[in-house]
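K.L.:
My questions all concern the structure below.
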Amino acid sequence: MQAILLSDGKPGHYNQSLGVIERMPECEYHWIDVRFRSKQRDNLLRVLMRLFGGFRLPRQLIKACLHMALERDTLDEIYAVEPDFILSTGSSVAAPNLLIGQLLDAKTVTCRRPSPVGVHHFDLTILPQMHWPHRNRSNVCKTLGVPNRVRPEKLEMQRKELQADLDLSNQRRVGILIGGEDRYDTITKTTACRLVEVVHQFATRRDIQLLLTTSRRTPLPVENLISEQLSNTQRCPILVLAHGEESLTDPVGTIFALSDVIVVTEDSFSMVCEAASSGKRVIILEVDRKTRHRPKRDKVYSEIMRHASVKRSDVEDLEASLEAAFADENPIQLLQDTQQAATAVRQLLKN
């Protein structure tokens with residue numbers, strides 16, 4: 001089985017595509033970085049496919065559109081493959097996906113709702129619950145969260161190797177993933193200070209290690225506070241600050257592999273999905289509200305909590321939530337969105 005994976009260069013997008021295709025070991029994929037001649041031509045191609053994506057276009061017109069919009073090296077890579085399907089995530093690569101699918105007679109698959117092209121013209125669209133259409137569509141695979149590359153068996157293999165490489169003692173660990181600003185939420189210095197106080201107190205009392213990383217969206221004052229509080233404590237052997245020099249090539253993956261319980265702030269939807277897929281117990285940490293209106297992801301979190309070993313907590317109840325997570329002896333339930341998406345692609349190719 002042959003596939004083309006179209007990348008827009010954004011890790012949050014192409015990791016969704018990689019997550020799906022990595023669950024299909026029978027498939028050989030060809031990674032193509034899509035480069036446009038200009039942003040204007042990118043936008044023009046999107047509008048054209050919004051209007052005419054549902055029509056069977058002449059081959060010469062398809063080629064003319066691709067040559068108008070894409071750089072020569074991208075075209076050469078496309079023409080060198082005879083794929084069974086095209087896979088992409090993101091709006092800018094959606095129009096090329098549809099055109100290449102028609103040109104090479106391949107199935108078209110997208111992992112999110114691309115704007116303004118929409119989902120109607122794709123053979124398969126993988127949509128998280130917050131973007132489910134009001135009407136059932138035969139070409140939509142409904143998942144709770146978004147596909148990702150996190151696999152429990154891979155994390156387990158990495159755990160001992162990382163523990164030896166990083167010279168870590170054989171202790172239980174809490175991984176903490178701090179997000180930051182978005183339209184609905186933020187994390188203030190007051191909340192961050194209380195968070196550090198709570199987790200450090202818990203770790204000291206239970207002889208547990210802390211592993212923490214921030215994101216590019218974390219406010220700099222909050223990151224500086226976390227650095228001041230945790231950078232010199234042996235309780236936190238891994239502290240990776242997004243605005244500083246990264247000491248690890250994959251801090252999130254490292255923390256997933258080494259942690260027994262993962263705490264992730266509620267603003268990071270994709271990170272929550274990854275954590276819920278990791279085979280670890282997860283706590284979604286509520287932070288500071290910027291508005292009374294709540295995002296669609298809140299309803300999705302309620303569903304994820306029903307299907308996976310995930311709880312929600314505010315900072316004041318976090319210590320009790322951590323105690324409960326470490327005491328829980330029930331089998332861990334994990335999110336299966338990525339496997340569900342890969343199964344849907346296989347079924348598409350059988351039809």
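Chain labels run A, B, ... following the order of the structure tokens; each chain numbers its residues from 1, and ligands are numbered from 1 in the order shown.
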Please list as a list in words every residue within 10 Å of Trp132 (chain A), counting only C-alpha atoms and excluding residues in the same chain fewer than 3 positions away.

P.N.:
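Near Trp132 (chain A), the qualifying residues are Arg113, Ile126, Leu127, Pro128, Gln129, Arg135, Asn136, Arg137, Val140, Cys141, Lys142, Thr143 and Leu144 of chain A.
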
K.L.:
Selected residues, N, CA and C atoms, written as a tab-separated table (two decimals), in the first residue's frame, please.

P.N.:
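Once written, result-v4.tsv looks like this:
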chain	number	residue	atom	x	y	z
A	113	ARG	N	-11.14	19.63	9.79
A	113	ARG	CA	-11.95	20.39	8.83
A	113	ARG	C	-11.12	21.54	8.28
A	126	ILE	N	-11.46	12.80	9.14
A	126	ILE	CA	-11.37	12.37	10.54
A	126	ILE	C	-11.58	13.59	11.41
A	127	LEU	N	-12.71	13.62	12.14
A	127	LEU	CA	-13.09	14.82	12.88
A	127	LEU	C	-13.24	14.54	14.37
A	128	PRO	N	-12.64	15.38	15.24
A	128	PRO	CA	-12.90	15.27	16.68
A	128	PRO	C	-14.31	15.74	17.00
A	129	GLN	N	-14.78	15.39	18.19
A	129	GLN	CA	-16.18	15.65	18.54
A	129	GLN	C	-16.55	17.12	18.43
A	135	ARG	N	-25.33	16.76	10.71
A	135	ARG	CA	-25.91	15.60	10.03
A	135	ARG	C	-24.83	14.53	9.84
A	136	ASN	N	-25.26	13.29	9.95
A	136	ASN	CA	-24.31	12.19	9.73
A	136	ASN	C	-23.87	12.18	8.26
A	137	ARG	N	-22.59	12.03	8.05
A	137	ARG	CA	-22.03	11.97	6.70
A	137	ARG	C	-21.23	10.68	6.56
A	140	VAL	N	-17.31	10.76	7.08
A	140	VAL	CA	-16.75	11.29	8.32
A	140	VAL	C	-16.50	10.17	9.33
A	141	CYS	N	-15.27	10.10	9.81
A	141	CYS	CA	-14.92	9.22	10.92
A	141	CYS	C	-14.93	10.07	12.19
A	142	LYS	N	-15.84	9.77	13.11
A	142	LYS	CA	-16.01	10.57	14.31
A	142	LYS	C	-15.11	10.04	15.44
A	143	THR	N	-14.20	10.88	15.88
A	143	THR	CA	-13.35	10.54	17.02
A	143	THR	C	-13.65	11.53	18.15
A	144	LEU	N	-13.27	11.18	19.38
A	144	LEU	CA	-13.45	12.11	20.49
A	144	LEU	C	-12.41	13.23	20.42

K.L.:
Mind the document's chain letters and residue numbers, and return as a ChimeraX atom specification the residues of region 8-101 of chain A that DSSP labels alpha helix (DSSP H).

P.N.:
/A:11-22,39-52,59-69,72-79,94-101

K.L.:
Between CA of Gln171 (chain A) and CA of Gln229 (chain A), what is the distance, to one decimal in Å?

P.N.:
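For CA of Gln171 (chain A) relative to CA of Gln229 (chain A), the distance reads 21.2 Å.
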
K.L.:
With only C-alpha atoms as the counted atoms, please give the residues lying no more than 12 Å from Pro219 (chain A), apart from itself and same-chain residues fewer than 3 positions off, as a ChimeraX atom specification.

P.N.:
/A:178-182,185-189,192,214-216,222-226,241-243

K.L.:
If you run DSSP on the backbone here, which positions in region 53-253 of chain A get strand (DSSP E or B)? Please write them as a PyMOL selection string.

P.N.:
chain A and resi 70+85-88+107-110+124-128+140-143+173-177+185-186+209-213+238-240

K.L.:
I need the residue nearest Asp267 (chain A) from this list: A:Asp298, A:Glu303, A:Glu228, A:Glu245. Use only C-alpha atoms for the distance.

P.N.:
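Nearest candidate to Asp267 (chain A) out of A:Asp298, A:Glu303, A:Glu228, A:Glu245: A:Asp298.
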
K.L.:
Which neighbours of Asp84 (chain A) fall inside 6 Å, counting only C-alpha atoms, when residues of the same chain fewer than 6 positions from it are skipped, and could you give them as an MDAnalysis selection string?

P.N.:
chainID A and resid 2:3 106

K.L.:
Residues near Arg159 (chain A), anyone? I mean within 7 Å using only C-alpha atoms, not counting same-chain ones fewer than 4 positions away, as a ChimeraX atom specification.

P.N.:
/A:155,163,257-258

K.L.:
State, in Å with one decimal place, the distance from CA of His307 (chain A) to CA of Lys10 (chain A).

P.N.:
28.7 Å

K.L.:
Counting only C-alpha atoms, figure out which residue out of A:Glu323, A:Glu26, A:Glu286, A:Glu156 gets nearest to Val199 (chain A).

P.N.:
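Between A:Glu323, A:Glu26, A:Glu286, A:Glu156, the residue approaching Val199 (chain A) most closely is A:Glu323.
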
K.L.:
Determine, counting only C-alpha atoms, which protein, DNA and RNA residues have an atom within 12 Å of an atom of Thr110 (chain A); residues of the same chain fewer than 4 positions away are not included. Present the result as a PyMOL selection string.

P.N.:
chain A and resi 4-7+13-14+16-18+20-21+85-98+101+114-115+117-128+139-141+146-147+341-342+344-345

K.L.:
Could you write those residues out with C-alpha atoms, as an mmCIF file, in the first residue's frame?

P.N.:
data_model
loop_
_atom_site.group_PDB
_atom_site.id
_atom_site.type_symbol
_atom_site.label_atom_id
_atom_site.label_comp_id
_atom_site.auth_asym_id
_atom_site.auth_seq_id
_atom_site.Cartn_x
_atom_site.Cartn_y
_atom_site.Cartn_z
ATOM 1 C CA ILE A 4 1.446 10.416 0.137
ATOM 2 C CA LEU A 5 1.585 12.432 3.368
ATOM 3 C CA LEU A 6 1.294 16.138 2.603
ATOM 4 C CA SER A 7 2.883 18.360 5.262
ATOM 5 C CA HIS A 13 -0.811 19.165 11.982
ATOM 6 C CA TYR A 14 1.590 16.622 10.512
ATOM 7 C CA GLN A 16 -1.882 13.894 13.420
ATOM 8 C CA SER A 17 -1.244 12.471 9.955
ATOM 9 C CA LEU A 18 1.823 10.577 11.161
ATOM 10 C CA VAL A 20 -2.653 7.591 11.665
ATOM 11 C CA ILE A 21 -0.146 6.289 9.134
ATOM 12 C CA PHE A 85 -4.414 7.479 -0.864
ATOM 13 C CA ILE A 86 -3.377 11.034 0.032
ATOM 14 C CA LEU A 87 -3.304 12.038 3.714
ATOM 15 C CA SER A 88 -3.079 15.592 5.033
ATOM 16 C CA THR A 89 -3.904 17.743 8.056
ATOM 17 C CA GLY A 90 -4.381 21.491 7.786
ATOM 18 C CA SER A 91 -6.084 23.991 5.518
ATOM 19 C CA SER A 92 -3.199 24.874 3.202
ATOM 20 C CA VAL A 93 -2.600 21.251 2.135
ATOM 21 C CA ALA A 94 -6.288 20.383 1.686
ATOM 22 C CA ALA A 95 -6.683 21.766 -1.848
ATOM 23 C CA PRO A 96 -3.522 20.024 -3.140
ATOM 24 C CA ASN A 97 -4.804 16.821 -1.522
ATOM 25 C CA LEU A 98 -8.044 16.942 -3.532
ATOM 26 C CA GLY A 101 -6.292 12.622 -5.573
ATOM 27 C CA PRO A 114 -9.888 22.521 6.430
ATOM 28 C CA SER A 115 -11.010 26.082 5.731
ATOM 29 C CA VAL A 117 -12.459 23.825 1.448
ATOM 30 C CA GLY A 118 -14.641 21.965 3.965
ATOM 31 C CA VAL A 119 -15.108 18.206 4.288
ATOM 32 C CA HIS A 120 -17.656 17.406 1.590
ATOM 33 C CA HIS A 121 -15.238 16.588 -1.223
ATOM 34 C CA PHE A 122 -12.891 14.235 0.670
ATOM 35 C CA ASP A 123 -13.316 10.479 0.572
ATOM 36 C CA LEU A 124 -12.691 10.410 4.333
ATOM 37 C CA THR A 125 -12.524 13.134 6.984
ATOM 38 C CA ILE A 126 -11.369 12.369 10.535
ATOM 39 C CA LEU A 127 -13.087 14.824 12.883
ATOM 40 C CA PRO A 128 -12.899 15.275 16.678
ATOM 41 C CA ASN A 139 -17.293 10.227 4.677
ATOM 42 C CA VAL A 140 -16.746 11.294 8.324
ATOM 43 C CA CYS A 141 -14.917 9.217 10.924
ATOM 44 C CA VAL A 146 -7.447 14.165 17.549
ATOM 45 C CA PRO A 147 -5.104 11.439 16.248
ATOM 46 C CA ALA A 341 -8.867 6.600 12.379
ATOM 47 C CA ALA A 342 -6.417 4.052 10.920
ATOM 48 C CA ALA A 344 -11.425 3.908 8.926
ATOM 49 C CA VAL A 345 -8.691 4.479 6.324
#

K.L.:
Kindly indicate which residue among A:Leu212, A:Cys236, A:Leu322, A:Leu177 lies nearest to Phe269 (chain A), using only C-alpha atoms for the distances.

P.N.:
A:Leu177

K.L.:
What's around region 36-45 of chain A at 10 Å? Count only C-alpha atoms, leave out sequence neighbours fewer than 2 positions away in its own chain, and write the answer as a list in words.

P.N.:
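After dropping sequence-adjacent residues, the list is Asp8, Asp33, Val34, Val47, Leu48, Met49, Arg50, Leu51, Cys65, Leu66, His67, Met68, Ala69, Leu70, Glu71, Arg72, Thr74, Ser91, Ser92, Val93, Ala94, Ala95, Pro96, Leu99, Pro116 and Val117 of chain A.
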
K.L.:
Between A:Val282, A:Ile332, A:Leu230, A:Ala324, which is the closest to Lys311 (chain A) once you count only C-alpha atoms?

P.N.:
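Going through A:Val282, A:Ile332, A:Leu230, A:Ala324 one by one, the smallest distance to Lys311 (chain A) is for A:Val282.
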
K.L.:
Between A:Gly12, A:Gly175, A:Gly279, A:Pro221, single out the one closest to Ile238 (chain A), counting only C-alpha atoms.

P.N.:
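Comparing A:Gly12, A:Gly175, A:Gly279, A:Pro221 against Ile238 (chain A), the winner is A:Gly175.
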